[in-house]
file start-v2.cif (mmCIF, C-alpha atoms)
data_target
#
loop_
_atom_site.label_atom_id
_atom_site.label_comp_id
_atom_site.auth_asym_id
_atom_site.auth_seq_id
_atom_site.Cartn_x
_atom_site.Cartn_y
_atom_site.Cartn_z
CA MET A 1 330.23 139.95 70.64
CA ARG A 2 327.65 137.38 69.86
CA ARG A 3 324.24 139.02 69.95
CA LEU A 4 323.26 142.60 70.71
CA LEU A 5 326.49 144.46 69.97
CA ALA A 6 326.94 142.35 66.85
CA ILE A 7 323.62 143.75 65.61
CA LEU A 8 324.32 147.36 66.55
CA LEU A 9 328.00 147.64 65.64
CA PRO A 10 327.80 147.65 61.81
CA GLY A 11 325.77 150.86 61.80
CA LEU A 12 327.71 152.25 64.73
CA LEU A 13 330.99 151.79 62.88
CA LEU A 14 329.67 153.88 60.00
CA LEU A 15 328.64 156.63 62.38
CA THR A 16 331.89 156.69 64.34
CA ALA A 17 333.92 156.74 61.15
CA CYS A 18 332.44 160.17 60.50
CA GLY A 19 333.58 161.55 63.84
CA GLY A 20 331.45 162.81 66.70
CA GLY A 21 333.77 161.57 69.44
CA GLU A 22 336.38 163.46 71.38
CA PRO A 23 340.10 163.06 70.64
CA ALA A 24 341.48 159.72 71.75
CA ALA A 25 342.86 159.74 75.27
CA PRO A 26 346.14 158.02 76.05
CA GLU A 27 345.64 154.46 77.25
CA PRO A 28 344.69 153.24 79.74
CA THR A 29 342.28 156.09 80.58
CA SER A 30 338.64 155.22 79.90
CA GLN A 31 337.27 157.94 77.66
CA SER A 32 333.76 159.32 77.44
CA ALA A 33 332.64 160.57 74.05
CA GLY A 34 329.74 162.26 72.29
CA GLU A 35 326.82 164.11 73.83
CA THR A 36 327.55 162.99 77.39
CA ALA A 37 325.45 165.73 79.00
CA LYS A 38 322.36 163.93 77.72
CA LEU A 39 323.25 161.02 80.00
CA ASP A 40 323.41 163.17 83.14
CA SER A 41 319.89 162.14 84.17
CA LEU A 42 320.76 158.44 84.02
CA LYS A 43 320.56 156.67 87.39
CA LEU A 44 321.46 153.02 87.96
CA THR A 45 320.61 150.68 90.83
CA ASP A 46 322.99 147.74 90.81
CA LYS A 47 321.38 144.31 91.31
CA GLY A 48 324.39 142.05 90.94
CA ASP A 49 325.99 140.37 87.94
CA LYS A 50 323.07 138.15 86.88
CA LYS A 51 320.28 140.70 87.06
CA ALA A 52 320.01 143.92 85.08
CA PRO A 53 320.34 147.12 87.09
CA GLY A 54 317.41 149.39 87.71
CA VAL A 55 317.64 152.15 85.09
CA GLU A 56 316.06 155.61 85.18
CA PHE A 57 316.57 158.32 82.56
CA THR A 58 314.75 161.35 81.16
CA LYS A 59 312.71 160.44 78.09
CA PRO A 60 312.84 160.85 75.22
CA LEU A 61 316.60 160.35 74.92
CA GLU A 62 317.91 161.41 71.54
CA VAL A 63 321.52 161.67 70.38
CA LYS A 64 322.96 162.50 66.98
CA ASP A 65 326.39 161.05 67.72
CA PRO A 66 327.37 157.76 69.37
CA THR A 67 327.69 158.63 73.04
CA VAL A 68 329.39 156.65 75.78
CA LYS A 69 330.04 157.35 79.44
CA VAL A 70 331.15 155.46 82.55
CA VAL A 71 328.18 155.86 84.89
CA THR A 72 329.47 153.91 87.89
CA GLU A 73 333.09 152.87 88.38
CA GLY A 74 333.95 149.37 89.52
CA ASP A 75 336.67 148.41 91.97
CA GLY A 76 338.43 145.76 89.87
CA ASP A 77 341.54 145.90 87.73
CA ARG A 78 341.66 148.22 84.75
CA VAL A 79 340.83 146.65 81.40
CA LYS A 80 343.82 146.54 79.05
CA ALA A 81 344.23 146.68 75.29
CA ASN A 82 344.07 143.28 73.56
CA GLN A 83 342.11 141.73 76.39
CA VAL A 84 338.67 140.13 76.06
CA ALA A 85 336.02 141.69 78.28
CA ASP A 86 333.05 139.71 79.59
CA ILE A 87 330.04 142.02 79.54
CA SER A 88 326.30 141.95 80.13
CA ILE A 89 323.92 144.37 78.42
CA VAL A 90 320.43 145.70 78.91
CA ALA A 91 319.04 147.81 76.05
CA PHE A 92 316.19 150.32 76.02
CA ASN A 93 314.16 152.28 73.51
CA GLY A 94 315.29 155.87 74.13
CA LYS A 95 311.89 157.28 73.24
CA ASP A 96 309.64 155.38 75.64
CA GLY A 97 312.07 153.47 77.88
CA SER A 98 310.81 150.02 76.92
CA THR A 99 313.29 147.16 77.30
CA LEU A 100 314.59 145.80 73.99
CA GLU A 101 316.91 143.08 75.25
CA ASP A 102 318.47 141.88 78.50
CA THR A 103 321.49 139.58 78.44
CA PHE A 104 322.24 139.71 82.18
CA PRO A 105 320.62 136.33 83.00
CA LYS A 106 322.52 134.70 80.11
CA ASP A 107 326.17 133.90 79.54
CA PRO A 108 328.28 137.06 79.20
CA GLU A 109 328.99 138.60 75.83
CA LYS A 110 332.63 138.66 74.72
CA LEU A 111 334.09 141.98 73.56
CA GLU A 112 337.55 141.74 72.01
CA LEU A 113 339.52 144.94 72.57
CA ASN A 114 341.76 144.46 69.56
CA ASP A 115 343.13 146.67 66.80
CA GLU A 116 340.13 145.88 64.60
CA LEU A 117 337.76 147.39 67.16
CA LYS A 118 340.15 150.30 67.80
CA THR A 119 340.16 151.16 64.09
CA GLY A 120 336.47 150.51 63.46
CA SER A 121 334.97 152.06 66.59
CA ALA A 122 337.36 154.14 68.66
CA VAL A 123 334.36 155.37 70.69
CA ILE A 124 333.72 151.91 72.12
CA TYR A 125 337.38 150.87 72.31
CA ASN A 126 338.46 153.99 74.21
CA ALA A 127 335.58 153.68 76.67
CA PHE A 128 336.40 150.10 77.64
CA VAL A 129 340.19 150.22 77.67
CA GLY A 130 341.12 151.71 81.04
CA ALA A 131 337.73 151.15 82.65
CA LYS A 132 337.71 149.09 85.83
CA VAL A 133 336.10 145.66 86.07
CA GLY A 134 332.71 146.12 87.72
CA SER A 135 332.08 149.44 85.98
CA GLN A 136 328.76 150.19 84.31
CA LEU A 137 328.85 152.11 81.04
CA ALA A 138 326.06 153.77 79.11
CA LEU A 139 326.13 153.72 75.32
CA ALA A 140 323.56 155.74 73.37
CA VAL A 141 323.29 154.77 69.70
CA PRO A 142 321.57 157.19 67.30
CA GLY A 143 318.50 155.89 65.51
CA GLN A 144 319.13 155.15 61.84
CA ALA A 145 316.65 155.57 59.04
CA ALA A 146 315.98 152.63 56.77
CA GLN A 147 315.38 153.48 53.11
CA GLY A 148 311.89 154.89 52.74
CA ALA A 149 311.19 154.67 56.48
CA PRO A 150 311.53 157.14 59.35
CA ALA A 151 314.52 156.99 61.68
CA GLN A 152 314.30 154.56 64.56
CA PRO A 153 314.55 155.89 68.13
CA THR A 154 317.89 156.23 69.88
CA GLN A 155 318.84 153.04 71.72
CA LEU A 156 320.37 153.15 75.19
CA LEU A 157 322.61 150.29 76.26
CA VAL A 158 323.73 149.89 79.86
CA ILE A 159 326.78 147.62 79.91
CA LYS A 160 328.44 146.04 82.94
CA ILE A 161 332.05 144.83 82.73
CA LEU A 162 332.10 141.52 84.57
CA ALA A 163 335.68 140.42 83.89
CA ALA A 164 338.62 140.91 81.54
CA LYS A 165 341.41 138.57 80.59
CA ASP A 166 344.14 138.34 78.02
CA ALA A 167 343.02 137.09 74.62
CA PRO A 168 343.98 133.47 73.96
CA LYS A 169 347.23 133.09 72.07
CA VAL A 170 346.94 132.19 68.39
CA LEU A 171 349.75 130.01 67.08
CA ASP A 172 351.40 130.45 63.70
CA LYS A 173 351.72 126.70 63.13
CA PRO A 174 351.00 123.43 64.95
CA GLU A 175 352.98 122.79 68.12
CA GLY A 176 353.09 119.40 69.79
CA ASP A 177 354.20 115.80 69.44
CA ALA A 178 354.17 114.00 66.09
CA VAL A 179 351.80 111.03 65.87
CA THR A 180 352.22 108.08 63.48
CA PRO A 181 348.78 107.36 61.97
CA PRO A 182 347.60 103.81 61.23
CA ALA A 183 347.94 102.36 57.73
CA GLY A 184 345.20 102.87 55.16
CA LEU A 185 344.58 106.57 55.79
CA PRO A 186 345.41 109.42 53.41
CA THR A 187 349.05 110.44 53.68
CA VAL A 188 350.15 113.99 54.42
CA LYS A 189 353.46 115.65 53.63
CA GLU A 190 354.52 119.28 53.84
CA ASN A 191 355.86 120.97 50.73
CA ASP A 192 358.80 123.38 50.79
CA LYS A 193 356.46 126.19 51.86
CA GLY A 194 355.18 124.28 54.89
CA VAL A 195 351.77 123.61 53.33
CA PRO A 196 350.35 120.12 53.92
CA GLU A 197 349.69 118.10 50.76
CA ILE A 198 347.25 115.20 50.91
CA SER A 199 347.51 111.97 48.91
CA VAL A 200 344.39 109.78 48.78
CA LYS A 201 345.80 107.08 46.49
CA GLY A 202 344.42 103.67 47.42
CA VAL A 203 342.31 105.00 50.31
CA ALA A 204 338.93 103.30 50.74
CA ALA A 205 335.71 105.20 51.30
CA PRO A 206 335.13 105.73 55.04
CA LYS A 207 332.34 103.86 56.77
CA ALA A 208 332.41 106.35 59.63
CA LEU A 209 334.10 109.63 60.51
CA ILE A 210 337.86 109.35 61.02
CA SER A 211 339.58 112.00 63.15
CA GLN A 212 343.30 111.28 63.47
CA ASP A 213 345.93 113.42 65.16
CA LEU A 214 349.05 113.93 63.06
CA ILE A 215 350.47 116.34 65.64
CA LYS A 216 349.09 116.21 69.18
CA GLY A 217 348.96 119.75 70.57
CA LYS A 218 349.37 120.55 74.24
CA GLY A 219 346.89 123.42 74.46
CA GLN A 220 343.35 123.50 75.78
CA ALA A 221 340.74 121.05 74.56
CA VAL A 222 338.22 122.23 71.98
CA LYS A 223 334.50 122.30 72.84
CA ALA A 224 331.79 121.95 70.21
CA SER A 225 330.58 125.46 71.13
CA ASP A 226 334.00 127.10 70.63
CA THR A 227 335.17 129.40 67.87
CA LEU A 228 338.41 128.18 66.30
CA THR A 229 341.26 129.83 64.44
CA VAL A 230 342.74 127.34 61.97
CA ASN A 231 344.64 126.70 58.80
CA TYR A 232 343.27 123.93 56.63
CA VAL A 233 343.27 122.24 53.25
CA GLY A 234 340.50 120.03 51.88
CA VAL A 235 340.38 117.51 49.03
CA ALA A 236 337.68 115.30 47.55
CA LEU A 237 338.46 111.66 48.31
CA ALA A 238 337.35 110.46 44.87
CA SER A 239 339.59 112.82 42.89
CA GLY A 240 342.24 113.99 45.34
CA LYS A 241 341.59 117.51 44.02
CA VAL A 242 342.00 120.44 46.41
CA PHE A 243 338.71 122.35 46.65
CA ASP A 244 339.52 124.73 49.50
CA SER A 245 342.60 125.91 51.39
CA SER A 246 343.26 128.72 53.83
CA PHE A 247 346.95 128.26 53.08
CA ALA A 248 346.28 129.46 49.52
CA SER A 249 344.82 132.73 50.79
CA GLY A 250 347.63 133.27 53.28
CA LYS A 251 345.13 134.06 56.04
CA LYS A 252 344.04 131.97 59.00
CA ALA A 253 340.33 131.19 59.17
CA SER A 254 338.09 131.69 62.21
CA PHE A 255 334.64 130.16 62.63
CA PRO A 256 332.30 128.74 65.28
CA LEU A 257 332.25 124.95 65.34
CA THR A 258 328.47 125.17 65.48
CA GLY A 259 328.45 126.71 61.99
CA VAL A 260 330.37 124.12 59.94
CA ILE A 261 329.73 120.66 58.52
CA LYS A 262 329.05 117.90 61.04
CA GLY A 263 332.31 116.16 60.20
CA TRP A 264 334.24 119.17 61.46
CA THR A 265 332.11 119.70 64.56
CA GLN A 266 332.31 116.05 65.57
CA GLY A 267 335.89 115.51 64.43
CA LEU A 268 337.49 118.55 66.07
CA ALA A 269 335.59 118.66 69.38
CA GLY A 270 337.89 117.24 72.04
CA LYS A 271 341.07 117.93 70.08
CA THR A 272 343.67 120.29 71.53
CA VAL A 273 345.10 123.62 70.44
CA GLY A 274 348.37 123.08 68.59
CA SER A 275 347.16 119.89 66.92
CA ARG A 276 347.20 118.98 63.26
CA VAL A 277 344.20 116.76 62.60
CA LEU A 278 343.40 114.54 59.60
CA LEU A 279 339.66 114.27 58.98
CA VAL A 280 338.19 111.67 56.63
CA ILE A 281 334.53 112.59 56.39
CA PRO A 282 331.70 110.49 54.89
CA LYS A 283 329.50 112.49 52.56
CA ASP A 284 326.53 112.33 54.94
CA LEU A 285 328.59 114.35 57.45
CA ALA A 286 329.76 116.75 54.73
CA TYR A 287 327.67 118.20 51.89
CA GLY A 288 325.66 115.11 50.98
CA ASP A 289 325.19 113.67 47.47
CA GLN A 290 324.90 117.02 45.72
CA GLY A 291 328.03 118.47 47.28
CA GLN A 292 329.05 122.09 47.22
CA GLY A 293 331.11 123.02 44.18
CA ASP A 294 334.07 120.65 43.98
CA ALA A 295 333.46 119.48 47.55
CA LYS A 296 331.54 116.39 46.51
CA GLY A 297 331.22 112.99 48.10
CA ASP A 298 333.56 111.86 50.87
CA LEU A 299 336.02 114.58 51.89
CA VAL A 300 339.48 114.72 53.45
CA PHE A 301 340.82 117.67 55.44
CA VAL A 302 344.01 118.52 57.26
CA VAL A 303 343.20 121.07 59.98
CA ASP A 304 345.76 122.92 62.09
CA ILE A 305 344.09 124.11 65.32
CA LEU A 306 345.88 127.39 66.11
CA GLY A 307 343.57 129.08 68.60
CA VAL A 308 340.26 128.79 70.40
CA LYS A 309 337.85 131.19 72.08
#
call {"tool": "encode", "arguments": {"input": "start-v2.cif", "output": "structure tokens"}}
result
Amino acid sequence: MRRLLAILLPGLLLLTACGGGEPAAPEPTSQSAGETAKLDSLKLTDKGDKKAPGVEFTKPLEVKDPTVKVVTEGDGDRVKANQVADISIVAFNGKDGSTLEDTFPKDPEKLELNDELKTGSAVIYNAFVGAKVGSQLALAVPGQAAQGAPAQPTQLLVIKILAAKDAPKVLDKPEGDAVTPPAGLPTVKENDKGVPEISVKGVAAPKALISQDLIKGKGQAVKASDTLTVNYVGVALASGKVFDSSFASGKKASFPLTGVIKGWTQGLAGKTVGSRVLLVIPKDLAYGDQGQGDAKGDLVFVVDILGVK
């Protein structure tokens, strides 16, 4: 979920946590929930996958509970748990019917049907899991009052399921062929817990970004627009001091490559899933002269690329 659902879900999760839906149906049956009778007037005219359907409904539409219903059933395969659904959304103001957003002409949204969604919003999860590809769902989201302001109108989302596929596998550790790096780079050894340790002794300041495979993975190539799941450790080249490590937290990190320092975006694009990559990053591609905490000057990272989406 990149745009519209990402905006609506935080409030929706709070509402669904308080109930208002029907008991969960056994998978893989798509389940309606909430005040579904209020969606009986909804009529859709399908216009293909790249153009929003024609939408008619009785106004004003108001619901007190999150409400979801399959309006038209597709003829594709049923969506399964732990898949990623490609969806397009058109959203309306429930009071006057004005269009709030239309993602149909754009790239599809991604909706991950994982345990996190199942726990946080069973209403949405249960509606999608078991629905057929090609189906159109209606989701009515109650208006929420901001502090000191009146409640906003109910929002109506019409969602089309364009495709569904299994979520990409996330590795536990790098998998691939070991690569012998050239001399003069920081050296990397694993400790007895399998955590890479970086030595920068005698390493000269980089004149340009260095991106060196230590293990060459055999998975798909990374694009600069992808979101990665990684383990990593970073040290300052001048001191050799570790300033950040996902290994220390015991949790893999996930982030879009568009939202990190340039040295990561440029150094990891084109690498493959399963790889362990050594990055030696000049300060101008990191956090500049001022740095960020202990991440000052030229930086060195070891990054294990474990998954991509």
call {"tool": "residues_around", "arguments": {"input": "start-v2.cif", "residues": "Lys173 (chain A)", "least_positions_apart": "5", "cutoff": "10 Å", "atoms": "all atoms listed in the file", "output": "PDB file with C-alpha atoms, keeping the file's coordinate frame"}}
result
ATOM      1  CA  GLY A 194     355.180 124.280  54.890  1.00  0.00           C
ATOM      2  CA  VAL A 230     342.740 127.340  61.970  1.00  0.00           C
ATOM      3  CA  ASN A 231     344.640 126.700  58.800  1.00  0.00           C
ATOM      4  CA  GLY A 274     348.370 123.080  68.590  1.00  0.00           C
ATOM      5  CA  SER A 275     347.160 119.890  66.920  1.00  0.00           C
ATOM      6  CA  ARG A 276     347.200 118.980  63.260  1.00  0.00           C
ATOM      7  CA  ASP A 304     345.760 122.920  62.090  1.00  0.00           C
ATOM      8  CA  ILE A 305     344.090 124.110  65.320  1.00  0.00           C
ATOM      9  CA  LEU A 306     345.880 127.390  66.110  1.00  0.00           C
TER      10      LEU A 306
END
call {"tool": "residues_around", "arguments": {"input": "start-v2.cif", "residues": "Gly176 (chain A)", "least_positions_apart": "3", "cutoff": "6 Å", "atoms": "all atoms listed in the file", "output": "PyMOL selection string"}}
result
chain A and resi 215-218
call {"tool": "residues_around", "arguments": {"input": "start-v2.cif", "residues": "Ala248 (chain A)", "least_positions_apart": "2", "cutoff": "10 Å", "atoms": "all atoms listed in the file", "output": "PyMOL selection string"}}
result
chain A and resi 195+231-233+244-246+250-251
call {"tool": "residues_around", "arguments": {"input": "start-v2.cif", "residues": "Asp107 (chain A)", "least_positions_apart": "4", "cutoff": "10 Å", "atoms": "all atoms listed in the file", "output": "ChimeraX atom specification"}}
result
/A:50,86-88,103
call {"tool": "atom_distance", "arguments": {"input": "start-v2.cif", "atom1": "CA of Leu157 (chain A)", "atom2": "CA of Thr67 (chain A)"}}
result
10.3 Å
call {"tool": "resolve_selection", "arguments": {"input": "start-v2.cif", "expression": "the PyMOL selection byres ((chain A and resi 90) around 12)", "output": "ChimeraX atom specification"}}
result
/A:3-5,44,49-55,87-89,91-93,97-106,108-109,136-140,155-160
call {"tool": "residues_around", "arguments": {"input": "start-v2.cif", "residues": "Leu278 (chain A)", "least_positions_apart": "2", "cutoff": "12 Å", "atoms": "only C-alpha atoms", "output": "short mmCIF file (atom, residue, chain, number, x, y, z; two decimals) with C-alpha atoms, in the frame of the given file"}}
result
data_model
loop_
_atom_site.label_atom_id
_atom_site.label_comp_id
_atom_site.auth_asym_id
_atom_site.auth_seq_id
_atom_site.Cartn_x
_atom_site.Cartn_y
_atom_site.Cartn_z
CA VAL A 179 351.80 111.03 65.87
CA THR A 180 352.22 108.08 63.48
CA PRO A 181 348.78 107.36 61.97
CA PRO A 182 347.60 103.81 61.23
CA LEU A 185 344.58 106.57 55.79
CA PRO A 186 345.41 109.42 53.41
CA THR A 187 349.05 110.44 53.68
CA VAL A 188 350.15 113.99 54.42
CA LYS A 189 353.46 115.65 53.63
CA PRO A 196 350.35 120.12 53.92
CA GLU A 197 349.69 118.10 50.76
CA ILE A 198 347.25 115.20 50.91
CA SER A 199 347.51 111.97 48.91
CA VAL A 200 344.39 109.78 48.78
CA LEU A 209 334.10 109.63 60.51
CA ILE A 210 337.86 109.35 61.02
CA SER A 211 339.58 112.00 63.15
CA GLN A 212 343.30 111.28 63.47
CA ASP A 213 345.93 113.42 65.16
CA LEU A 214 349.05 113.93 63.06
CA ILE A 215 350.47 116.34 65.64
CA LYS A 216 349.09 116.21 69.18
CA TYR A 232 343.27 123.93 56.63
CA VAL A 233 343.27 122.24 53.25
CA GLY A 234 340.50 120.03 51.88
CA VAL A 235 340.38 117.51 49.03
CA GLY A 263 332.31 116.16 60.20
CA TRP A 264 334.24 119.17 61.46
CA GLY A 267 335.89 115.51 64.43
CA LEU A 268 337.49 118.55 66.07
CA LYS A 271 341.07 117.93 70.08
CA SER A 275 347.16 119.89 66.92
CA ARG A 276 347.20 118.98 63.26
CA VAL A 280 338.19 111.67 56.63
CA ILE A 281 334.53 112.59 56.39
CA LEU A 299 336.02 114.58 51.89
CA VAL A 300 339.48 114.72 53.45
CA PHE A 301 340.82 117.67 55.44
CA VAL A 302 344.01 118.52 57.26
CA VAL A 303 343.20 121.07 59.98
CA ASP A 304 345.76 122.92 62.09
CA ILE A 305 344.09 124.11 65.32
#
call {"tool": "atom_distance", "arguments": {"input": "start-v2.cif", "atom1": "CA of Lys296 (chain A)", "atom2": "CA of Leu257 (chain A)"}}
result
20.7 Å
call {"tool": "resolve_selection", "arguments": {"input": "start-v2.cif", "expression": "the PyMOL selection byres ((chain A and resi 128) around 10)", "output": "PyMOL selection string"}}
result
chain A and resi 28-32+68-70+78-81+85+111+113+122-127+129-133+135+137+161
call {"tool": "residues_near_point", "arguments": {"input": "start-v2.cif", "point": "(326.3, 112.3, 49.6)", "cutoff": "6 Å", "atoms": "all atoms listed in the file", "output": "PDB file with C-alpha atoms, in the frame of the given file"}}
result
ATOM      1  CA  LYS A 283     329.500 112.490  52.560  1.00  0.00           C
ATOM      2  CA  ASP A 284     326.530 112.330  54.940  1.00  0.00           C
ATOM      3  CA  GLY A 288     325.660 115.110  50.980  1.00  0.00           C
ATOM      4  CA  ASP A 289     325.190 113.670  47.470  1.00  0.00           C
ATOM      5  CA  GLY A 297     331.220 112.990  48.100  1.00  0.00           C
TER       6      GLY A 297
END
call {"tool": "atom_distance", "arguments": {"input": "start-v2.cif", "atom1": "CA of Lys193 (chain A)", "atom2": "CA of Asp172 (chain A)"}}
result
13.6 Å
call {"tool": "closest_residue", "arguments": {"input": "start-v2.cif", "among": "A:Pro282, A:Pro153, A:Gly120, A:Gly74", "to": "Ala205 (chain A)", "atoms": "only C-alpha atoms"}}
result
A:Pro282
call {"tool": "residues_near_point", "arguments": {"input": "start-v2.cif", "point": "(313.4, 158.6, 73.0)", "cutoff": "7 Å", "atoms": "all atoms listed in the file", "output": "PyMOL selection string"}}
result
chain A and resi 59-62+93-96+153-154
call {"tool": "write_last_selection", "arguments": {"input": "start-v2.cif", "atoms": "C-alpha atoms", "output": "mmCIF file, keeping the file's coordinate frame"}}
result
data_model
loop_
_atom_site.group_PDB
_atom_site.id
_atom_site.type_symbol
_atom_site.label_atom_id
_atom_site.label_comp_id
_atom_site.auth_asym_id
_atom_site.auth_seq_id
_atom_site.Cartn_x
_atom_site.Cartn_y
_atom_site.Cartn_z
ATOM 1 C CA LYS A 59 312.710 160.440 78.090
ATOM 2 C CA PRO A 60 312.840 160.850 75.220
ATOM 3 C CA LEU A 61 316.600 160.350 74.920
ATOM 4 C CA GLU A 62 317.910 161.410 71.540
ATOM 5 C CA ASN A 93 314.160 152.280 73.510
ATOM 6 C CA GLY A 94 315.290 155.870 74.130
ATOM 7 C CA LYS A 95 311.890 157.280 73.240
ATOM 8 C CA ASP A 96 309.640 155.380 75.640
ATOM 9 C CA PRO A 153 314.550 155.890 68.130
ATOM 10 C CA THR A 154 317.890 156.230 69.880
#
call {"tool": "closest_residue", "arguments": {"input": "start-v2.cif", "among": "A:Gly143, A:Gly293, A:Gly34, A:Pro66", "to": "Val242 (chain A)", "atoms": "all atoms listed in the file"}}
result
A:Gly293
